[in-house]
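As provided, work.pdb (PDB, C-alpha atoms) reads as follows.
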```
ATOM      1  CA  MET A   1       6.841  -9.032  -3.802
ATOM      2  CA  SER A   2       6.247  -5.986  -1.601
ATOM      3  CA  SER A   3       7.128  -6.201   2.064
ATOM      4  CA  HIS A   4       6.388  -3.081   4.075
ATOM      5  CA  GLU A   5       6.628  -4.746   7.482
ATOM      6  CA  GLY A   6      10.361  -4.212   7.848
ATOM      7  CA  GLN A   7      10.368  -0.521   6.934
ATOM      8  CA  PRO A   8      11.092   2.286   9.422
ATOM      9  CA  LEU A   9       8.284   3.611  11.588
ATOM     10  CA  LEU A  10       8.402   7.266  12.609
ATOM     11  CA  ARG A  11       6.647   8.472  15.748
ATOM     12  CA  ASP A  12       5.661  11.840  17.143
ATOM     13  CA  GLY A  13       3.773  13.138  20.152
ATOM     14  CA  PRO A  14       3.547  11.334  23.483
ATOM     15  CA  GLU A  15       4.370   7.676  23.926
ATOM     16  CA  LEU A  16       1.382   5.429  23.346
ATOM     17  CA  ALA A  17       1.245   4.535  27.026
ATOM     18  CA  LEU A  18       0.699   8.225  27.854
ATOM     19  CA  ALA A  19      -1.524   9.207  24.908
ATOM     20  CA  ASP A  20      -5.285   9.758  24.880
ATOM     21  CA  ALA A  21      -5.527   8.677  21.240
ATOM     22  CA  VAL A  22      -3.356   7.732  18.280
ATOM     23  CA  MET A  23      -3.434   8.691  14.615
ATOM     24  CA  ILE A  24      -1.835   6.385  12.039
ATOM     25  CA  MET A  25      -0.862   8.452   8.976
ATOM     26  CA  LEU A  26      -0.245   6.851   5.581
ATOM     27  CA  HIS A  27       1.677   8.647   2.841
ATOM     28  CA  GLY A  28       0.954   8.592  -0.873
ATOM     29  CA  ARG A  29       2.661   7.156  -3.942
ATOM     30  CA  GLU A  30       6.372   7.940  -4.140
ATOM     31  CA  GLY A  31       6.055   9.552  -0.731
ATOM     32  CA  ALA A  32       7.668   9.174   2.650
ATOM     33  CA  ALA A  33       6.647   8.887   6.272
ATOM     34  CA  GLY A  34       8.238  12.273   6.860
ATOM     35  CA  ASP A  35       5.698  13.866   4.511
ATOM     36  CA  MET A  36       2.932  12.857   6.900
ATOM     37  CA  LYS A  37       4.911  14.064   9.900
ATOM     38  CA  THR A  38       4.809  17.540   8.342
ATOM     39  CA  ILE A  39       1.027  17.289   7.927
ATOM     40  CA  ALA A  40       0.666  16.079  11.516
ATOM     41  CA  SER A  41       2.137  19.344  12.765
ATOM     42  CA  GLN A  42      -1.139  20.991  11.687
ATOM     43  CA  PHE A  43      -3.144  18.869  14.132
ATOM     44  CA  ARG A  44      -3.065  20.748  17.413
ATOM     45  CA  GLN A  45      -4.805  18.479  19.903
ATOM     46  CA  THR A  46      -2.733  17.534  22.930
ATOM     47  CA  ASN A  47      -2.011  13.987  24.052
ATOM     48  CA  LEU A  48      -2.358  12.639  20.517
ATOM     49  CA  ALA A  49       0.325  10.170  19.442
ATOM     50  CA  PHE A  50       1.249   9.822  15.779
ATOM     51  CA  LEU A  51       2.553   6.776  13.918
ATOM     52  CA  PHE A  52       3.984   7.160  10.408
ATOM     53  CA  PRO A  53       4.696   3.860   8.618
ATOM     54  CA  GLN A  54       6.915   3.863   5.548
ATOM     55  CA  ALA A  55       6.215   1.963   2.328
ATOM     56  CA  GLU A  56       8.995  -0.069   0.783
ATOM     57  CA  GLY A  57      10.371   1.934  -2.124
ATOM     58  CA  GLY A  58       8.056   4.843  -1.343
ATOM     59  CA  SER A  59       4.879   3.283  -2.788
ATOM     60  CA  TRP A  60       2.436   0.906  -1.150
ATOM     61  CA  TYR A  61       1.368  -0.841  -4.359
ATOM     62  CA  PRO A  62       2.428  -0.580  -8.022
ATOM     63  CA  TYR A  63      -0.688   0.166 -10.070
ATOM     64  CA  SER A  64      -3.791   2.339  -9.965
ATOM     65  CA  PHE A  65      -6.304   1.478  -7.241
ATOM     66  CA  LEU A  66      -8.841   0.994 -10.060
ATOM     67  CA  VAL A  67      -7.185  -2.065 -11.663
ATOM     68  CA  PRO A  68      -8.267  -5.658 -10.874
ATOM     69  CA  GLN A  69      -7.354  -6.153  -7.250
ATOM     70  CA  GLN A  70      -5.008  -9.111  -7.734
ATOM     71  CA  GLN A  71      -2.555  -6.816  -9.546
ATOM     72  CA  ASN A  72      -1.909  -4.842  -6.348
ATOM     73  CA  ARG A  73      -2.514  -7.700  -3.936
ATOM     74  CA  ALA A  74       1.016  -8.208  -2.598
ATOM     75  CA  GLY A  75       1.535  -4.561  -1.673
ATOM     76  CA  VAL A  76      -1.956  -4.075  -0.270
ATOM     77  CA  GLU A  77      -1.795  -7.231   1.852
ATOM     78  CA  SER A  78       1.571  -6.183   3.263
ATOM     79  CA  ALA A  79       0.167  -2.742   4.086
ATOM     80  CA  MET A  80      -2.830  -4.360   5.806
ATOM     81  CA  THR A  81      -0.396  -6.349   7.954
ATOM     82  CA  VAL A  82       1.416  -3.150   8.958
ATOM     83  CA  LEU A  83      -1.836  -1.430   9.899
ATOM     84  CA  SER A  84      -3.090  -4.433  11.871
ATOM     85  CA  SER A  85       0.150  -4.519  13.846
ATOM     86  CA  LEU A  86      -0.077  -0.804  14.680
ATOM     87  CA  VAL A  87      -3.697  -1.059  15.833
ATOM     88  CA  LEU A  88      -2.686  -4.039  17.980
ATOM     89  CA  GLU A  89       0.269  -2.098  19.420
ATOM     90  CA  ALA A  90      -2.151   0.664  20.417
ATOM     91  CA  GLU A  91      -4.533  -1.822  22.022
ATOM     92  CA  LEU A  92      -1.691  -3.338  24.020
ATOM     93  CA  GLU A  93      -1.030   0.171  25.381
ATOM     94  CA  ARG A  94      -4.702   0.473  26.401
ATOM     95  CA  ILE A  95      -5.744   2.597  23.405
ATOM     96  CA  PRO A  96      -8.882   0.894  22.049
ATOM     97  CA  PRO A  97     -10.053   1.200  18.417
ATOM     98  CA  GLU A  98     -12.488   3.978  19.440
ATOM     99  CA  ARG A  99      -9.414   6.162  20.009
ATOM    100  CA  VAL A 100      -7.501   5.058  16.899
ATOM    101  CA  LEU A 101      -7.699   7.376  13.891
ATOM    102  CA  LEU A 102      -6.562   6.522  10.377
ATOM    103  CA  PHE A 103      -5.352   9.264   8.049
ATOM    104  CA  GLY A 104      -4.294   8.710   4.463
ATOM    105  CA  PHE A 105      -3.479  10.738   1.371
ATOM    106  CA  ASP A 106      -3.459   9.324  -2.181
ATOM    107  CA  GLN A 107      -2.438   5.644  -1.850
ATOM    108  CA  GLY A 108      -2.642   6.077   1.911
ATOM    109  CA  ALA A 109      -6.293   7.170   1.617
ATOM    110  CA  CYS A 110      -7.133   4.033  -0.345
ATOM    111  CA  LEU A 111      -5.438   1.879   2.294
ATOM    112  CA  ALA A 112      -7.144   3.626   5.218
ATOM    113  CA  LEU A 113     -10.560   2.995   3.666
ATOM    114  CA  GLU A 114      -9.654  -0.577   2.727
ATOM    115  CA  PHE A 115      -8.516  -1.329   6.262
ATOM    116  CA  ALA A 116     -11.757   0.025   7.725
ATOM    117  CA  VAL A 117     -13.825  -2.131   5.344
ATOM    118  CA  ARG A 118     -11.782  -5.265   6.004
ATOM    119  CA  HIS A 119     -11.588  -4.788   9.773
ATOM    120  CA  PRO A 120     -14.843  -3.016  10.601
ATOM    121  CA  LYS A 121     -15.318  -1.808  14.152
ATOM    122  CA  ARG A 122     -15.920   1.501  15.885
ATOM    123  CA  TYR A 123     -12.776   3.551  15.220
ATOM    124  CA  GLY A 124     -12.070   7.069  16.389
ATOM    125  CA  GLY A 125     -12.223   8.196  12.784
ATOM    126  CA  VAL A 126     -10.972   7.767   9.238
ATOM    127  CA  ILE A 127      -9.717  10.677   7.123
ATOM    128  CA  ALA A 128      -9.194   9.732   3.469
ATOM    129  CA  LEU A 129      -7.934  12.473   1.150
ATOM    130  CA  SER A 130      -7.645  11.984  -2.614
ATOM    131  CA  GLY A 131      -8.437   8.268  -2.695
ATOM    132  CA  GLY A 132     -11.172   5.656  -2.703
ATOM    133  CA  LEU A 133     -11.889   1.972  -2.258
ATOM    134  CA  PHE A 134     -10.000  -0.527  -4.409
ATOM    135  CA  GLY A 135     -11.373  -2.278  -7.467
ATOM    136  CA  PRO A 136     -12.239  -1.779 -11.137
ATOM    137  CA  PRO A 137     -15.497  -0.142 -12.234
ATOM    138  CA  GLY A 138     -18.462  -2.223 -11.119
ATOM    139  CA  THR A 139     -16.858  -3.372  -7.850
ATOM    140  CA  THR A 140     -19.223  -3.635  -4.901
ATOM    141  CA  TRP A 141     -18.319  -3.700  -1.228
ATOM    142  CA  GLU A 142     -20.517  -5.633   1.146
ATOM    143  CA  GLY A 143     -20.423  -6.597   4.799
ATOM    144  CA  GLU A 144     -22.079  -6.114   8.138
ATOM    145  CA  ALA A 145     -22.580  -2.604   9.495
ATOM    146  CA  LEU A 146     -19.849  -3.020  12.108
ATOM    147  CA  LEU A 147     -18.247   0.401  11.671
ATOM    148  CA  ALA A 148     -20.933   1.387  14.175
ATOM    149  CA  GLY A 149     -20.930   5.141  13.729
ATOM    150  CA  THR A 150     -17.222   5.584  12.971
ATOM    151  CA  PRO A 151     -16.844   9.145  11.651
ATOM    152  CA  VAL A 152     -15.311   9.161   8.173
ATOM    153  CA  PHE A 153     -14.239  12.172   6.143
ATOM    154  CA  ILE A 154     -13.523  11.671   2.433
ATOM    155  CA  GLY A 155     -12.175  14.671   0.542
ATOM    156  CA  CYS A 156     -11.045  14.948  -3.081
ATOM    157  CA  SER A 157     -10.918  17.280  -6.048
ATOM    158  CA  ASP A 158     -13.873  16.990  -8.397
ATOM    159  CA  VAL A 159     -11.445  16.899 -11.348
ATOM    160  CA  ASP A 160      -8.612  14.726 -10.005
ATOM    161  CA  PRO A 161      -7.305  12.821 -13.072
ATOM    162  CA  GLN A 162      -6.341   9.818 -10.945
ATOM    163  CA  ILE A 163      -9.514   9.520  -8.879
ATOM    164  CA  PRO A 164     -12.915   9.598 -10.621
ATOM    165  CA  ARG A 165     -15.528  11.485  -8.628
ATOM    166  CA  SER A 166     -17.809   8.490  -9.157
ATOM    167  CA  ARG A 167     -15.411   6.309  -7.121
ATOM    168  CA  VAL A 168     -15.275   8.891  -4.340
ATOM    169  CA  GLU A 169     -19.079   8.824  -4.200
ATOM    170  CA  GLU A 170     -19.207   5.007  -4.371
ATOM    171  CA  SER A 171     -16.691   4.775  -1.533
ATOM    172  CA  ALA A 172     -18.732   7.100   0.652
ATOM    173  CA  ASP A 173     -21.885   5.093  -0.040
ATOM    174  CA  ALA A 174     -20.128   1.809   0.732
ATOM    175  CA  LEU A 175     -18.838   3.086   4.069
ATOM    176  CA  ARG A 176     -22.325   4.308   4.972
ATOM    177  CA  ARG A 177     -23.756   0.858   4.264
ATOM    178  CA  LEU A 178     -21.125  -0.537   6.623
ATOM    179  CA  GLY A 179     -22.367   1.720   9.403
ATOM    180  CA  ALA A 180     -19.985   4.675   9.229
ATOM    181  CA  GLU A 181     -21.058   8.306   9.586
ATOM    182  CA  VAL A 182     -19.572   9.675   6.368
ATOM    183  CA  THR A 183     -18.913  13.247   5.350
ATOM    184  CA  MET A 184     -17.750  13.578   1.738
ATOM    185  CA  HIS A 185     -16.602  16.761   0.060
ATOM    186  CA  LEU A 186     -15.602  17.263  -3.579
ATOM    187  CA  TYR A 187     -13.572  20.447  -4.006
ATOM    188  CA  SER A 188     -14.124  22.374  -7.217
ATOM    189  CA  GLY A 189     -11.026  22.517  -9.394
ATOM    190  CA  MET A 190      -8.609  21.556  -6.611
ATOM    191  CA  GLY A 191      -5.358  19.845  -7.500
ATOM    192  CA  HIS A 192      -4.096  16.506  -6.182
ATOM    193  CA  THR A 193      -3.201  17.985  -2.819
ATOM    194  CA  ILE A 194      -4.346  18.502   0.776
ATOM    195  CA  SER A 195      -6.357  21.651   1.473
ATOM    196  CA  GLY A 196      -6.635  23.692   4.632
ATOM    197  CA  GLU A 197     -10.324  22.847   4.787
ATOM    198  CA  GLU A 198      -9.457  19.136   4.839
ATOM    199  CA  ILE A 199      -7.022  19.705   7.697
ATOM    200  CA  GLU A 200      -9.790  21.458   9.635
ATOM    201  CA  ALA A 201     -12.087  18.497   9.001
ATOM    202  CA  GLY A 202      -9.343  16.291  10.414
ATOM    203  CA  ASN A 203      -9.024  18.474  13.488
ATOM    204  CA  ALA A 204     -12.775  18.191  14.040
ATOM    205  CA  LEU A 205     -12.611  14.387  13.837
ATOM    206  CA  ILE A 206      -9.753  14.239  16.310
ATOM    207  CA  ALA A 207     -11.578  16.525  18.723
ATOM    208  CA  ARG A 208     -14.648  14.315  18.437
ATOM    209  CA  ALA A 209     -12.641  11.187  19.216
ATOM    210  CA  LEU A 210     -11.048  12.788  22.271
ATOM    211  CA  ALA A 211     -14.380  14.193  23.467
ATOM    212  CA  ARG A 212     -15.908  10.732  23.209
ATOM    213  CA  GLU A 213     -13.131   9.410  25.440
ATOM    214  CA  GLY A 214     -13.884  12.075  28.023
ATOM    215  CA  SER A 215     -17.633  11.462  28.039
TER     216      SER A 215
END
```

Just give me the structure as structure tokens.
Amino acid sequence: MSSHEGQPLLRDGPELALADAVMIMLHGREGAAGDMKTIASQFRQTNLAFLFPQAEGGSWYPYSFLVPQQQNRAGVESAMTVLSSLVLEAELERIPPERVLLFGFDQGACLALEFAVRHPKRYGGVIALSGGLFGPPGTTWEGEALLAGTPVFIGCSDVDPQIPRSRVEESADALRRLGAEVTMHLYSGMGHTISGEEIEAGNALIARALAREGS
């Protein structure tokens, strides 16, 4: 049974007590928290704290995100616990959900979207790259529109062998029904990677979250 709660947590940027906002960054399959720390260096906004949780064994869950959900349940539930604890830690340091951003690549993207659906409220933003919502074909995602205008960016290759474009589109539609403001982009012929354009979309979301705080 997966247990991610006891794994190391890397941090970067100011302490939470001094930060204007926080971004929680989730790595992909067979990845490491340090991978996301490298990506974070491309986000230039000041007074942004970063949290990089680590999955046990380098992967958050064992199977494809498209299998019946019970097959990945242990790992996903443990990851949800980690994310809930980090959002709570931010709140205890007077950083409300409106200034919490979730970033994920690959498995991390799936988890960021899943967390937003399970715990809907107005977040600073969600950036999900090369992933989608969990469940086999035919899954539907319902709930109240409590994401309340949360900006969401979903980016993926249009030919990613692991992530059908149909699931990317379904995920975007589901988040819209839950009240998010979703921007989705399918990149022609891109590999299973993070593009410079996606980083710029992330920078725009961060700037929006910080501008909202200053308004």

Check: For the file shown, what are the residues hit by the PyMOL selection byres ((chain A and resi 49-55) around 10), laid out as a VMD selection string?
Finding: chain A and resid 2 to 37 40 45 to 48 56 to 61 75 78 to 79 82 to 83 86 90 100 to 103 108

Can I get the selection written as a PDB file, in the coordinates of the input, with C-alpha atoms?
```
ATOM      1  CA  SER A   2       6.247  -5.986  -1.601  1.00  0.00           C
ATOM      2  CA  SER A   3       7.128  -6.201   2.064  1.00  0.00           C
ATOM      3  CA  HIS A   4       6.388  -3.081   4.075  1.00  0.00           C
ATOM      4  CA  GLU A   5       6.628  -4.746   7.482  1.00  0.00           C
ATOM      5  CA  GLY A   6      10.361  -4.212   7.848  1.00  0.00           C
ATOM      6  CA  GLN A   7      10.368  -0.521   6.934  1.00  0.00           C
ATOM      7  CA  PRO A   8      11.092   2.286   9.422  1.00  0.00           C
ATOM      8  CA  LEU A   9       8.284   3.611  11.588  1.00  0.00           C
ATOM      9  CA  LEU A  10       8.402   7.266  12.609  1.00  0.00           C
ATOM     10  CA  ARG A  11       6.647   8.472  15.748  1.00  0.00           C
ATOM     11  CA  ASP A  12       5.661  11.840  17.143  1.00  0.00           C
ATOM     12  CA  GLY A  13       3.773  13.138  20.152  1.00  0.00           C
ATOM     13  CA  PRO A  14       3.547  11.334  23.483  1.00  0.00           C
ATOM     14  CA  GLU A  15       4.370   7.676  23.926  1.00  0.00           C
ATOM     15  CA  LEU A  16       1.382   5.429  23.346  1.00  0.00           C
ATOM     16  CA  ALA A  17       1.245   4.535  27.026  1.00  0.00           C
ATOM     17  CA  LEU A  18       0.699   8.225  27.854  1.00  0.00           C
ATOM     18  CA  ALA A  19      -1.524   9.207  24.908  1.00  0.00           C
ATOM     19  CA  ASP A  20      -5.285   9.758  24.880  1.00  0.00           C
ATOM     20  CA  ALA A  21      -5.527   8.677  21.240  1.00  0.00           C
ATOM     21  CA  VAL A  22      -3.356   7.732  18.280  1.00  0.00           C
ATOM     22  CA  MET A  23      -3.434   8.691  14.615  1.00  0.00           C
ATOM     23  CA  ILE A  24      -1.835   6.385  12.039  1.00  0.00           C
ATOM     24  CA  MET A  25      -0.862   8.452   8.976  1.00  0.00           C
ATOM     25  CA  LEU A  26      -0.245   6.851   5.581  1.00  0.00           C
ATOM     26  CA  HIS A  27       1.677   8.647   2.841  1.00  0.00           C
ATOM     27  CA  GLY A  28       0.954   8.592  -0.873  1.00  0.00           C
ATOM     28  CA  ARG A  29       2.661   7.156  -3.942  1.00  0.00           C
ATOM     29  CA  GLU A  30       6.372   7.940  -4.140  1.00  0.00           C
ATOM     30  CA  GLY A  31       6.055   9.552  -0.731  1.00  0.00           C
ATOM     31  CA  ALA A  32       7.668   9.174   2.650  1.00  0.00           C
ATOM     32  CA  ALA A  33       6.647   8.887   6.272  1.00  0.00           C
ATOM     33  CA  GLY A  34       8.238  12.273   6.860  1.00  0.00           C
ATOM     34  CA  ASP A  35       5.698  13.866   4.511  1.00  0.00           C
ATOM     35  CA  MET A  36       2.932  12.857   6.900  1.00  0.00           C
ATOM     36  CA  LYS A  37       4.911  14.064   9.900  1.00  0.00           C
ATOM     37  CA  ALA A  40       0.666  16.079  11.516  1.00  0.00           C
ATOM     38  CA  GLN A  45      -4.805  18.479  19.903  1.00  0.00           C
ATOM     39  CA  THR A  46      -2.733  17.534  22.930  1.00  0.00           C
ATOM     40  CA  ASN A  47      -2.011  13.987  24.052  1.00  0.00           C
ATOM     41  CA  LEU A  48      -2.358  12.639  20.517  1.00  0.00           C
ATOM     42  CA  GLU A  56       8.995  -0.069   0.783  1.00  0.00           C
ATOM     43  CA  GLY A  57      10.371   1.934  -2.124  1.00  0.00           C
ATOM     44  CA  GLY A  58       8.056   4.843  -1.343  1.00  0.00           C
ATOM     45  CA  SER A  59       4.879   3.283  -2.788  1.00  0.00           C
ATOM     46  CA  TRP A  60       2.436   0.906  -1.150  1.00  0.00           C
ATOM     47  CA  TYR A  61       1.368  -0.841  -4.359  1.00  0.00           C
ATOM     48  CA  GLY A  75       1.535  -4.561  -1.673  1.00  0.00           C
ATOM     49  CA  SER A  78       1.571  -6.183   3.263  1.00  0.00           C
ATOM     50  CA  ALA A  79       0.167  -2.742   4.086  1.00  0.00           C
ATOM     51  CA  VAL A  82       1.416  -3.150   8.958  1.00  0.00           C
ATOM     52  CA  LEU A  83      -1.836  -1.430   9.899  1.00  0.00           C
ATOM     53  CA  LEU A  86      -0.077  -0.804  14.680  1.00  0.00           C
ATOM     54  CA  ALA A  90      -2.151   0.664  20.417  1.00  0.00           C
ATOM     55  CA  VAL A 100      -7.501   5.058  16.899  1.00  0.00           C
ATOM     56  CA  LEU A 101      -7.699   7.376  13.891  1.00  0.00           C
ATOM     57  CA  LEU A 102      -6.562   6.522  10.377  1.00  0.00           C
ATOM     58  CA  PHE A 103      -5.352   9.264   8.049  1.00  0.00           C
ATOM     59  CA  GLY A 108      -2.642   6.077   1.911  1.00  0.00           C
TER      60      GLY A 108
END
```

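Put simply, the PyMOL selection byres ((chain A and resi 168) around 10) in this file takes in A:Ala128, A:Leu129, A:Ser130, A:Gly131, A:Gly132, A:Leu133, A:Ile154, A:Gly155, A:Cys156, A:Ser157, A:Asp158, A:Ile163, A:Pro164, A:Arg165, A:Ser166, A:Arg167, A:Glu169, A:Glu170, A:Ser171, A:Ala172, A:Asp173, A:Ala174, A:Met184, A:His185, A:Leu186.
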
Notebook entry, point to check: For Thr81 in chain A, which residue among A:Gly135, A:Phe115, A:Glu144, A:Arg122 is the nearest when counting all atoms listed in the file?
Noted result: A:Phe115

Build an axis-aligned box that encloses every atom of range 49-58 of chain A listed in the file, pad it by 4 Å on each side, and report its centre and edge lengths in Å to one decimal, as AutoDock Vina command-line options.
```
--center_x 5.3 --center_y 5.1 --center_z 8.7 --size_x 18.0 --size_y 18.2 --size_z 29.6
```

Notebook entry, point to check: What does the PyMOL selection byres ((chain A and resi 208) around 12) select in this file, as a ChimeraX atom specification?
Noted result: /A:21,45,98-101,123-126,150-152,201-207,209-215

Notebook entry, point to check: Do you have the CA of Val67 in chain A-CA of Val159 in chain A distance handy?
Noted result: 19.4 Å
